[in-house]
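Chemist: Data: data.txt, compact mmCIF, C-alpha atoms.
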```txt
# COMPACT_ATOMS: atom_id res chain seq x y z
CA MET A 1 0.00 0.00 0.00
CA ASN A 2 2.85 2.36 0.73
CA ASP A 3 4.33 1.67 -2.72
CA LEU A 4 0.94 2.31 -4.33
CA LYS A 5 0.49 5.62 -2.48
CA PHE A 6 3.99 6.69 -3.47
CA ALA A 7 3.31 5.82 -7.12
CA LEU A 8 0.06 7.83 -7.10
CA ARG A 9 1.82 10.85 -5.60
CA GLN A 10 4.50 10.67 -8.29
CA LEU A 11 1.86 10.45 -11.02
CA ARG A 12 0.07 13.51 -9.62
CA LYS A 13 3.33 15.44 -9.75
CA SER A 14 3.80 14.56 -13.46
CA PRO A 15 0.35 14.70 -15.12
CA GLY A 16 1.83 14.77 -18.63
CA PHE A 17 3.79 11.59 -18.00
CA SER A 18 0.72 10.02 -16.38
CA VAL A 19 -1.44 10.67 -19.44
CA VAL A 20 1.20 9.18 -21.75
CA ALA A 21 1.53 6.14 -19.47
CA VAL A 22 -2.23 5.54 -19.39
CA ILE A 23 -2.56 5.90 -23.19
CA THR A 24 0.39 3.57 -23.76
CA LEU A 25 -1.11 0.92 -21.47
CA ALA A 26 -4.54 1.29 -23.11
CA LEU A 27 -3.12 0.89 -26.60
CA GLY A 28 -0.99 -2.08 -25.56
CA ILE A 29 -3.88 -3.87 -23.85
CA GLY A 30 -6.23 -3.12 -26.74
CA ALA A 31 -3.77 -4.35 -29.38
CA ASN A 32 -3.05 -7.55 -27.47
CA THR A 33 -6.77 -8.20 -26.98
CA ALA A 34 -7.46 -7.68 -30.69
CA ILE A 35 -4.58 -9.93 -31.77
CA PHE A 36 -5.57 -12.67 -29.33
CA SER A 37 -9.19 -12.50 -30.52
CA VAL A 38 -8.08 -13.09 -34.13
CA VAL A 39 -5.61 -15.83 -33.19
CA ASN A 40 -8.22 -17.54 -31.02
CA ALA A 41 -10.88 -17.41 -33.71
CA VAL A 42 -8.70 -18.38 -36.67
CA LEU A 43 -5.75 -20.40 -35.39
CA LEU A 44 -6.80 -22.02 -32.12
CA LYS A 45 -10.44 -22.93 -32.71
CA PRO A 46 -11.39 -25.51 -35.35
CA LEU A 47 -13.34 -24.44 -38.43
CA PRO A 48 -16.98 -23.65 -37.49
CA PHE A 49 -18.43 -26.58 -39.41
CA PRO A 50 -19.46 -30.14 -38.47
CA SER A 51 -16.51 -32.60 -38.17
CA PRO A 52 -13.96 -29.96 -39.28
CA ASP A 53 -11.11 -32.49 -39.05
CA ARG A 54 -12.53 -34.22 -42.14
CA LEU A 55 -12.39 -31.04 -44.27
CA VAL A 56 -9.35 -30.87 -46.56
CA ALA A 57 -8.08 -28.57 -49.28
CA ILE A 58 -7.44 -30.07 -52.72
CA GLY A 59 -5.07 -28.68 -55.30
CA SER A 60 -2.93 -29.53 -58.28
CA THR A 61 0.84 -29.65 -58.02
CA ILE A 62 3.68 -29.66 -60.56
CA LEU A 63 5.58 -32.91 -60.09
CA ARG A 64 8.81 -31.67 -61.64
CA GLU A 65 9.20 -28.97 -58.97
CA PRO A 66 11.76 -30.02 -56.32
CA ASP A 67 9.60 -28.98 -53.35
CA ARG A 68 5.90 -29.46 -54.04
CA SER A 69 4.81 -30.12 -50.46
CA HIS A 70 3.22 -26.66 -50.13
CA GLN A 71 1.98 -26.17 -53.69
CA PHE A 72 -1.75 -25.72 -53.96
CA ASN A 73 -2.29 -24.72 -57.57
CA SER A 74 -5.82 -24.33 -58.89
CA LEU A 75 -7.78 -27.01 -60.74
CA SER A 76 -9.55 -27.02 -64.10
CA TYR A 77 -13.21 -27.97 -64.42
CA PRO A 78 -12.57 -31.28 -66.29
CA ASP A 79 -9.93 -32.40 -63.77
CA PHE A 80 -12.31 -31.62 -60.91
CA PHE A 81 -15.10 -33.58 -62.60
CA ASP A 82 -12.79 -36.60 -62.90
CA PHE A 83 -11.65 -36.29 -59.29
CA ARG A 84 -15.26 -36.01 -58.13
CA LYS A 85 -16.39 -39.01 -60.14
CA GLN A 86 -13.48 -41.41 -59.68
CA ASN A 87 -12.25 -40.89 -56.10
CA ARG A 88 -12.77 -43.51 -53.39
CA THR A 89 -11.85 -41.50 -50.29
CA PHE A 90 -14.18 -38.48 -50.26
CA ASP A 91 -17.78 -38.23 -49.15
CA ARG A 92 -18.09 -35.11 -51.30
CA MET A 93 -15.88 -32.48 -52.87
CA ALA A 94 -16.52 -28.99 -54.20
CA ILE A 95 -14.94 -26.13 -56.12
CA TYR A 96 -15.29 -22.38 -55.88
CA ARG A 97 -14.12 -19.21 -57.57
CA GLY A 98 -14.68 -15.66 -56.32
CA GLY A 99 -15.42 -12.47 -58.18
CA SER A 100 -17.27 -9.17 -58.23
CA TYR A 101 -20.77 -9.30 -59.75
CA ALA A 102 -23.00 -6.54 -61.06
CA LEU A 103 -26.40 -6.93 -59.37
CA VAL A 104 -29.47 -4.94 -60.40
CA ASN A 105 -32.82 -4.77 -58.64
CA GLU A 106 -35.52 -2.15 -58.07
CA LYS A 107 -33.11 -0.23 -55.82
CA GLY A 108 -30.58 0.16 -58.63
CA ALA A 109 -27.22 -1.38 -59.53
CA GLN A 110 -24.42 -2.39 -57.18
CA ASN A 111 -21.28 -4.53 -57.10
CA VAL A 112 -21.53 -7.62 -54.91
CA GLN A 113 -18.81 -10.08 -53.95
CA GLY A 114 -19.92 -13.53 -55.02
CA LEU A 115 -18.69 -17.07 -55.24
CA LYS A 116 -19.20 -19.46 -58.16
CA VAL A 117 -19.49 -22.98 -56.69
CA SER A 118 -20.30 -26.58 -57.52
CA ALA A 119 -23.55 -28.16 -56.35
CA GLU A 120 -22.19 -29.90 -53.23
CA PHE A 121 -20.44 -26.80 -51.88
CA PHE A 122 -22.70 -26.41 -48.83
CA ASP A 123 -23.04 -30.18 -48.34
CA VAL A 124 -19.25 -30.47 -48.01
CA LEU A 125 -19.26 -27.82 -45.29
CA GLY A 126 -22.23 -29.47 -43.60
CA VAL A 127 -24.33 -26.28 -43.60
CA LYS A 128 -27.86 -25.84 -44.92
CA PRO A 129 -29.66 -22.62 -45.89
CA ALA A 130 -31.79 -21.16 -43.12
CA ILE A 131 -34.51 -20.53 -45.72
CA GLY A 132 -35.01 -22.41 -48.99
CA ARG A 133 -32.68 -25.05 -50.37
CA ALA A 134 -29.07 -25.60 -51.40
CA PHE A 135 -27.84 -26.29 -54.94
CA VAL A 136 -28.24 -29.64 -56.71
CA ARG A 137 -26.36 -31.10 -59.70
CA GLU A 138 -29.05 -29.97 -62.14
CA ASP A 139 -28.27 -26.36 -61.21
CA GLU A 140 -24.76 -26.79 -62.67
CA GLN A 141 -26.08 -27.36 -66.19
CA ALA A 142 -25.75 -24.76 -68.93
CA GLY A 143 -28.49 -22.20 -68.37
CA GLY A 144 -28.90 -23.33 -64.76
CA GLY A 145 -31.09 -26.33 -65.47
CA PRO A 146 -34.88 -26.30 -64.88
CA GLY A 147 -36.00 -22.85 -63.79
CA GLY A 148 -32.86 -21.09 -65.05
CA PHE A 149 -29.97 -19.64 -63.06
CA LYS A 150 -30.13 -19.84 -59.25
CA VAL A 151 -28.59 -17.73 -56.47
CA ILE A 152 -28.25 -18.18 -52.70
CA LEU A 153 -27.85 -15.04 -50.58
CA THR A 154 -26.04 -14.49 -47.31
CA HIS A 155 -28.08 -13.22 -44.37
CA ASP A 156 -26.58 -9.73 -44.66
CA LEU A 157 -27.36 -9.34 -48.36
CA TRP A 158 -30.88 -10.69 -47.79
CA MET A 159 -31.45 -8.04 -45.12
CA ARG A 160 -30.01 -5.30 -47.34
CA LEU A 161 -31.98 -6.21 -50.47
CA PHE A 162 -35.22 -7.58 -49.03
CA ASN A 163 -35.34 -6.32 -45.42
CA GLY A 164 -35.62 -9.87 -44.10
CA ASP A 165 -38.70 -10.75 -46.16
CA LYS A 166 -39.17 -14.53 -45.73
CA ALA A 167 -41.20 -14.68 -48.95
CA VAL A 168 -38.02 -13.98 -50.94
CA ILE A 169 -37.74 -17.50 -52.39
CA GLY A 170 -38.51 -17.34 -56.09
CA ARG A 171 -37.80 -13.63 -56.40
CA THR A 172 -35.61 -12.61 -59.33
CA LEU A 173 -32.36 -10.66 -59.37
CA ARG A 174 -30.49 -9.42 -62.42
CA ILE A 175 -26.87 -10.57 -62.09
CA GLN A 176 -24.25 -10.09 -64.81
CA GLY A 177 -27.03 -9.53 -67.33
CA HIS A 178 -28.86 -12.77 -66.49
CA SER A 179 -31.99 -13.41 -64.44
CA TYR A 180 -31.30 -15.41 -61.26
CA SER A 181 -33.98 -16.92 -59.02
CA VAL A 182 -33.34 -16.74 -55.27
CA ILE A 183 -33.54 -20.30 -53.90
CA GLY A 184 -31.97 -19.92 -50.44
CA ILE A 185 -30.77 -17.70 -47.60
CA MET A 186 -27.76 -18.76 -45.53
CA PRO A 187 -27.81 -18.64 -41.71
CA ARG A 188 -26.69 -15.50 -39.88
CA ARG A 189 -22.88 -15.33 -39.43
CA PHE A 190 -22.20 -18.00 -42.06
CA GLN A 191 -19.03 -17.13 -43.94
CA PHE A 192 -16.84 -19.08 -46.34
CA PRO A 193 -14.16 -18.45 -47.31
CA PHE A 194 -12.89 -16.14 -44.56
CA GLU A 195 -11.92 -13.02 -46.46
CA THR A 196 -12.51 -9.29 -46.76
CA PRO A 197 -14.66 -8.02 -48.34
CA ALA A 198 -16.98 -10.83 -47.32
CA ILE A 199 -18.79 -13.02 -49.83
CA GLU A 200 -22.45 -12.02 -50.08
CA MET A 201 -23.96 -14.45 -52.60
CA TYR A 202 -23.37 -17.86 -54.18
CA VAL A 203 -24.16 -19.07 -57.70
CA THR A 204 -23.30 -22.27 -59.55
CA PHE A 205 -20.89 -22.51 -62.47
CA ALA A 206 -23.81 -22.88 -64.91
CA GLU A 207 -22.73 -19.66 -66.62
CA ASP A 208 -19.34 -21.26 -67.36
CA ALA A 209 -20.97 -24.29 -69.00
CA ALA A 210 -21.89 -22.49 -72.23
CA THR A 211 -20.68 -19.67 -74.48
CA ALA A 212 -22.63 -17.35 -76.71
CA ASP A 213 -20.22 -17.66 -79.65
CA GLY A 214 -20.08 -21.46 -79.73
CA THR A 215 -16.48 -21.74 -78.51
CA LYS A 216 -15.47 -24.32 -75.94
CA PRO A 217 -16.85 -23.28 -72.52
CA ASN A 218 -14.69 -23.10 -69.40
CA THR A 219 -16.16 -26.35 -68.09
CA GLU A 220 -14.58 -28.21 -71.03
CA GLN A 221 -11.14 -26.54 -70.95
CA ARG A 222 -8.85 -29.01 -69.21
CA GLY A 223 -5.84 -26.75 -69.38
CA ASN A 224 -7.63 -23.75 -67.84
CA HIS A 225 -6.79 -23.87 -64.12
CA MET A 226 -8.96 -21.36 -62.24
CA LEU A 227 -10.69 -23.20 -59.38
CA LEU A 228 -10.05 -23.70 -55.68
CA ALA A 229 -11.22 -27.03 -54.28
CA PHE A 230 -11.90 -28.75 -50.99
CA GLY A 231 -13.63 -31.89 -49.81
CA ARG A 232 -14.98 -33.88 -46.88
CA LEU A 233 -13.16 -37.15 -46.24
CA LYS A 234 -14.99 -40.39 -45.61
CA PRO A 235 -14.90 -41.52 -41.95
CA GLY A 236 -11.59 -43.18 -41.10
CA VAL A 237 -9.73 -41.71 -44.09
CA ASN A 238 -6.81 -39.33 -43.55
CA ALA A 239 -5.34 -36.66 -45.82
CA ALA A 240 -2.39 -38.82 -46.90
CA GLN A 241 -4.73 -41.60 -48.09
CA ALA A 242 -6.89 -39.09 -49.95
CA GLU A 243 -3.84 -37.56 -51.63
CA ALA A 244 -2.65 -40.99 -52.77
CA ASP A 245 -6.13 -41.65 -54.17
CA LEU A 246 -6.14 -38.41 -56.19
CA GLN A 247 -2.52 -38.93 -57.29
CA THR A 248 -3.58 -42.23 -58.86
CA ILE A 249 -6.36 -40.45 -60.76
CA ALA A 250 -3.97 -37.65 -61.78
CA ALA A 251 -1.46 -40.19 -63.14
CA ALA A 252 -4.18 -41.74 -65.30
CA LEU A 253 -5.24 -38.30 -66.54
CA GLU A 254 -1.64 -37.53 -67.47
CA LYS A 255 -1.58 -40.56 -69.76
CA GLN A 256 -5.01 -39.78 -71.18
CA TYR A 257 -4.43 -36.04 -71.71
CA PRO A 258 -0.66 -35.52 -72.10
CA GLU A 259 -1.07 -32.15 -73.82
CA THR A 260 -2.60 -30.58 -70.69
CA ASN A 261 -1.83 -32.87 -67.75
CA THR A 262 1.83 -33.82 -68.12
CA GLN A 263 3.66 -33.49 -64.78
CA PHE A 264 0.47 -32.46 -62.94
CA GLY A 265 -0.28 -34.26 -59.70
CA ALA A 266 -2.64 -33.71 -56.76
CA VAL A 267 -2.10 -32.52 -53.20
CA VAL A 268 -4.36 -32.72 -50.12
CA ALA A 269 -3.97 -31.02 -46.73
CA PRO A 270 -6.18 -29.90 -43.80
CA LEU A 271 -8.51 -27.16 -45.01
CA ARG A 272 -7.88 -24.87 -42.03
CA ASP A 273 -4.13 -24.83 -42.73
CA GLU A 274 -4.71 -23.81 -46.34
CA LEU A 275 -7.33 -21.16 -45.51
CA VAL A 276 -5.25 -19.55 -42.77
CA GLY A 277 -1.91 -19.78 -44.59
CA ASP A 278 0.92 -17.56 -43.41
```
Represent the structure of the file as structure tokens.
Modeler:
Amino acid sequence: MNDLKFALRQLRKSPGFSVVAVITLALGIGANTAIFSVVNAVLLKPLPFPSPDRLVAIGSTILREPDRSHQFNSLSYPDFFDFRKQNRTFDRMAIYRGGSYALVNEKGAQNVQGLKVSAEFFDVLGVKPAIGRAFVREDEQAGGGPGGFKVILTHDLWMRLFNGDKAVIGRTLRIQGHSYSVIGIMPRRFQFPFETPAIEMYVTFAEDAATADGTKPNTEQRGNHMLLAFGRLKPGVNAAQAEADLQTIAAALEKQYPETNTQFGAVVAPLRDELVGD
């Protein structure tokens, strides 16, 4: 107590120093709290999805490179289709590609961050829309399958565009010059991937399955690597087994398509490690 009283007397004698000391402590405590909050949320806690230990990132790798242990190159649509169809170690796998989309409704035009995904995207994560439904394989077809192009909105975009109207399913939005029907609304606080600015809507790759000029669409271009991929392992399967499975498929694709797949292999690692990165 004597030490405390002495310290207080000294601080009263030097108010300028006292103010600097208090501000310095406040900034230091605030910075440490902020950093710990991020580290706790991103590095220490598992991904906020069911059975996160079974979620893995999938990528292509160049076999001739001396150190390919950390290579996670993107995939092409045809390679992904072959991986999805032929693998024996995954419950499901999905692809995604981000971008900025021009969205037009009665309130005017705006740019929205969106994600182009395959049908099982939400099934892999183990998350369902809070309202409506998720995508199905038919939604991947050119033109979006029956009913045309589909879109799923995040909770925040739903609130911004429709003020939380639960009768939004079936409403139409004009996106990139096409009409999209709203089929689902994701739960509050759902986010994937973890990035800024945050993703606000999800569409399928149906738009990539056809071209207006009759040229080969993106979904048929095996040499066009543009997609990020991840999957959910079957129970009891680890990442090393899944990588060996995809490497076998990649080796067969190299023989079948030497002009595009020579020296391309596959790599698998825990999804959290790949999302967090350095």
Chemist: Dig up all the protein and nucleic acid residues within 12 Å of (-18.8, -16.1, -46.1) in the file frame, using all atoms listed in the file, and format them as an MDAnalysis selection string.
Modeler: chainID A and resid 48 98 113:115 122 125 127 152:157 186:202
Chemist: To one decimal in Å, tell me the separation between CA of Leu75 (chain A) and CA of Ala142 (chain A).
Modeler: 19.9 Å
Chemist: Just give me the gap between CA of Ala266 (chain A) and CA of Ser60 (chain A) in Å, one decimal is fine.
Modeler: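 CA of Ala266 (chain A) sits 4.5 Å away from CA of Ser60 (chain A).
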Chemist: Show me, as a PDB file with C-alpha atoms, in the frame of the given file, the residues that have an atom within 12 Å of Tyr180 (chain A) when counting all atoms listed in the file, minus same-chain residues fewer than 2 positions from it.
Modeler:
```pdb
ATOM      1  CA  LEU A 103     -26.400  -6.930 -59.370  1.00  0.00           C
ATOM      2  CA  VAL A 104     -29.470  -4.940 -60.400  1.00  0.00           C
ATOM      3  CA  ASN A 105     -32.820  -4.770 -58.640  1.00  0.00           C
ATOM      4  CA  ASP A 139     -28.270 -26.360 -61.210  1.00  0.00           C
ATOM      5  CA  GLY A 143     -28.490 -22.200 -68.370  1.00  0.00           C
ATOM      6  CA  GLY A 144     -28.900 -23.330 -64.760  1.00  0.00           C
ATOM      7  CA  GLY A 145     -31.090 -26.330 -65.470  1.00  0.00           C
ATOM      8  CA  GLY A 147     -36.000 -22.850 -63.790  1.00  0.00           C
ATOM      9  CA  GLY A 148     -32.860 -21.090 -65.050  1.00  0.00           C
ATOM     10  CA  PHE A 149     -29.970 -19.640 -63.060  1.00  0.00           C
ATOM     11  CA  LYS A 150     -30.130 -19.840 -59.250  1.00  0.00           C
ATOM     12  CA  VAL A 151     -28.590 -17.730 -56.470  1.00  0.00           C
ATOM     13  CA  ILE A 152     -28.250 -18.180 -52.700  1.00  0.00           C
ATOM     14  CA  LEU A 153     -27.850 -15.040 -50.580  1.00  0.00           C
ATOM     15  CA  ILE A 169     -37.740 -17.500 -52.390  1.00  0.00           C
ATOM     16  CA  GLY A 170     -38.510 -17.340 -56.090  1.00  0.00           C
ATOM     17  CA  ARG A 171     -37.800 -13.630 -56.400  1.00  0.00           C
ATOM     18  CA  THR A 172     -35.610 -12.610 -59.330  1.00  0.00           C
ATOM     19  CA  LEU A 173     -32.360 -10.660 -59.370  1.00  0.00           C
ATOM     20  CA  ARG A 174     -30.490  -9.420 -62.420  1.00  0.00           C
ATOM     21  CA  ILE A 175     -26.870 -10.570 -62.090  1.00  0.00           C
ATOM     22  CA  GLN A 176     -24.250 -10.090 -64.810  1.00  0.00           C
ATOM     23  CA  GLY A 177     -27.030  -9.530 -67.330  1.00  0.00           C
ATOM     24  CA  HIS A 178     -28.860 -12.770 -66.490  1.00  0.00           C
ATOM     25  CA  VAL A 182     -33.340 -16.740 -55.270  1.00  0.00           C
ATOM     26  CA  ILE A 183     -33.540 -20.300 -53.900  1.00  0.00           C
ATOM     27  CA  GLY A 184     -31.970 -19.920 -50.440  1.00  0.00           C
ATOM     28  CA  MET A 201     -23.960 -14.450 -52.600  1.00  0.00           C
ATOM     29  CA  TYR A 202     -23.370 -17.860 -54.180  1.00  0.00           C
ATOM     30  CA  VAL A 203     -24.160 -19.070 -57.700  1.00  0.00           C
ATOM     31  CA  THR A 204     -23.300 -22.270 -59.550  1.00  0.00           C
ATOM     32  CA  ALA A 206     -23.810 -22.880 -64.910  1.00  0.00           C
ATOM     33  CA  GLU A 207     -22.730 -19.660 -66.620  1.00  0.00           C
TER      34      GLU A 207
END
```
Chemist: Up to 12 Å from (-5.5, -39.9, -43.4) in the file's coordinates: name the residues, counting all atoms listed in the file, as a PyMOL selection string.
Modeler: chain A and resi 53-56+89-90+232-245+268-270
Chemist: Could you please determine the separation between CA of Ser51 (chain A) and CA of Asp82 (chain A) in Å, to one decimal place?
Modeler: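 It comes out at 25.3 Å.
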Chemist: Could you work out an axis-aligned box for region 244-252 of chain A, taking every atom the file lists and adding 6 Å on each side, and report centre and edge lengths in Å to one decimal, as JSON?
Modeler:
```
{"center_x": -3.9, "center_y": -39.9, "center_z": -59.0, "size_x": 16.9, "size_y": 16.6, "size_z": 24.5}
```
Chemist: For Gly132 (chain A), which residue out of A:Asn87, A:Gln263, A:Ser181, A:Gln247 is the nearest one, using only C-alpha atoms?
Modeler: A:Ser181
Chemist: In terms of the shortest atom-to-atom distance over all atoms listed in the file, which of A:Phe49, A:Leu4, A:Gly164, A:Asp79 is closest to Thr219 (chain A)?
Modeler: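 Using all atoms listed in the file, Thr219 (chain A) sits closest to A:Asp79.
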Chemist: Please list as a PyMOL selection string every residue within 8 Å of Val124 (chain A), counting all atoms listed in the file and excluding residues in the same chain fewer than 3 positions away.
Modeler: chain A and resi 55+91-94+120-121+127+231-232
Chemist: Would you save the residues of that selection, restricted to C-alpha atoms, as a PDB file, in the frame of the given file?
Modeler:
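Output below, filename selection_16.pdb:
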```
ATOM      1  CA  LEU A  55     -12.390 -31.040 -44.270  1.00  0.00           C
ATOM      2  CA  ASP A  91     -17.780 -38.230 -49.150  1.00  0.00           C
ATOM      3  CA  ARG A  92     -18.090 -35.110 -51.300  1.00  0.00           C
ATOM      4  CA  MET A  93     -15.880 -32.480 -52.870  1.00  0.00           C
ATOM      5  CA  ALA A  94     -16.520 -28.990 -54.200  1.00  0.00           C
ATOM      6  CA  GLU A 120     -22.190 -29.900 -53.230  1.00  0.00           C
ATOM      7  CA  PHE A 121     -20.440 -26.800 -51.880  1.00  0.00           C
ATOM      8  CA  VAL A 127     -24.330 -26.280 -43.600  1.00  0.00           C
ATOM      9  CA  GLY A 231     -13.630 -31.890 -49.810  1.00  0.00           C
ATOM     10  CA  ARG A 232     -14.980 -33.880 -46.880  1.00  0.00           C
TER      11      ARG A 232
END
```
Chemist: I want to know what sits within 12 Å of Glu220 (chain A), based on all atoms listed in the file, with residues of the same chain fewer than 4 positions away left out; could you give that as a list of chain:residue names?
Modeler: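 Final neighbour list, sorted by chain and number: A:Ser76, A:Tyr77, A:Pro78, A:Asp79, A:Phe80, A:Phe81, A:Asp82, A:Ala142, A:Asp208, A:Ala209, A:Ala210, A:Thr211, A:Thr215, A:Lys216, A:Asn224, A:His225.
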Chemist: Since the input lacks some atoms of region 143-170 of chain A, please model N, CA and C atoms and print them as a compact mmCIF listing (two decimals), in the coordinates of the input.
Modeler:
```
# COMPACT_ATOMS: atom_id res chain seq x y z
N GLY A 143 -27.19 -22.86 -68.53
CA GLY A 143 -28.49 -22.20 -68.37
C GLY A 143 -29.08 -22.38 -66.99
N GLY A 144 -28.42 -23.15 -66.12
CA GLY A 144 -28.90 -23.33 -64.76
C GLY A 144 -29.90 -24.44 -64.57
N GLY A 145 -30.15 -25.24 -65.61
CA GLY A 145 -31.09 -26.33 -65.47
C GLY A 145 -32.53 -25.85 -65.40
N PRO A 146 -33.47 -26.70 -64.96
CA PRO A 146 -34.88 -26.30 -64.88
C PRO A 146 -35.06 -25.06 -64.02
N GLY A 147 -35.76 -24.08 -64.54
CA GLY A 147 -36.00 -22.85 -63.79
C GLY A 147 -34.94 -21.80 -63.99
N GLY A 148 -33.88 -22.10 -64.76
CA GLY A 148 -32.86 -21.09 -65.05
C GLY A 148 -31.81 -20.96 -63.96
N PHE A 149 -31.06 -19.86 -64.01
CA PHE A 149 -29.97 -19.64 -63.06
C PHE A 149 -30.51 -19.45 -61.64
N LYS A 150 -29.72 -19.93 -60.65
CA LYS A 150 -30.13 -19.84 -59.25
C LYS A 150 -29.07 -19.08 -58.45
N VAL A 151 -29.50 -18.45 -57.36
CA VAL A 151 -28.59 -17.73 -56.47
C VAL A 151 -29.02 -17.97 -55.02
N ILE A 152 -28.03 -18.08 -54.14
CA ILE A 152 -28.25 -18.18 -52.70
C ILE A 152 -27.59 -16.97 -52.05
N LEU A 153 -28.32 -16.28 -51.19
CA LEU A 153 -27.85 -15.04 -50.58
C LEU A 153 -27.37 -15.28 -49.15
N THR A 154 -26.39 -14.49 -48.72
CA THR A 154 -26.04 -14.49 -47.31
C THR A 154 -27.11 -13.74 -46.53
N HIS A 155 -27.10 -13.90 -45.22
CA HIS A 155 -28.08 -13.22 -44.37
C HIS A 155 -27.98 -11.71 -44.52
N ASP A 156 -26.75 -11.19 -44.57
CA ASP A 156 -26.58 -9.73 -44.66
C ASP A 156 -27.12 -9.16 -45.96
N LEU A 157 -26.86 -9.84 -47.08
CA LEU A 157 -27.36 -9.34 -48.36
C LEU A 157 -28.88 -9.46 -48.42
N TRP A 158 -29.42 -10.51 -47.86
CA TRP A 158 -30.88 -10.69 -47.79
C TRP A 158 -31.51 -9.53 -47.03
N MET A 159 -30.91 -9.16 -45.89
CA MET A 159 -31.45 -8.04 -45.12
C MET A 159 -31.33 -6.74 -45.91
N ARG A 160 -30.22 -6.55 -46.61
CA ARG A 160 -30.01 -5.30 -47.34
C ARG A 160 -30.94 -5.16 -48.54
N LEU A 161 -31.17 -6.28 -49.25
CA LEU A 161 -31.98 -6.21 -50.47
C LEU A 161 -33.47 -6.38 -50.21
N PHE A 162 -33.81 -7.22 -49.22
CA PHE A 162 -35.22 -7.58 -49.03
C PHE A 162 -35.73 -7.32 -47.62
N ASN A 163 -34.91 -6.68 -46.78
CA ASN A 163 -35.34 -6.32 -45.42
C ASN A 163 -35.86 -7.53 -44.63
N GLY A 164 -35.24 -8.68 -44.86
CA GLY A 164 -35.62 -9.87 -44.10
C GLY A 164 -36.94 -10.49 -44.50
N ASP A 165 -37.44 -10.18 -45.68
CA ASP A 165 -38.70 -10.75 -46.16
C ASP A 165 -38.54 -12.26 -46.37
N LYS A 166 -39.29 -13.07 -45.63
CA LYS A 166 -39.17 -14.53 -45.73
C LYS A 166 -39.83 -15.08 -46.99
N ALA A 167 -40.57 -14.25 -47.70
CA ALA A 167 -41.20 -14.68 -48.95
C ALA A 167 -40.28 -14.39 -50.14
N VAL A 168 -38.98 -14.35 -49.89
CA VAL A 168 -38.02 -13.98 -50.94
C VAL A 168 -37.78 -15.12 -51.93
N ILE A 169 -38.02 -16.36 -51.51
CA ILE A 169 -37.74 -17.50 -52.39
C ILE A 169 -38.56 -17.39 -53.67
N GLY A 170 -37.86 -17.48 -54.80
CA GLY A 170 -38.51 -17.34 -56.09
C GLY A 170 -38.41 -15.95 -56.68
```
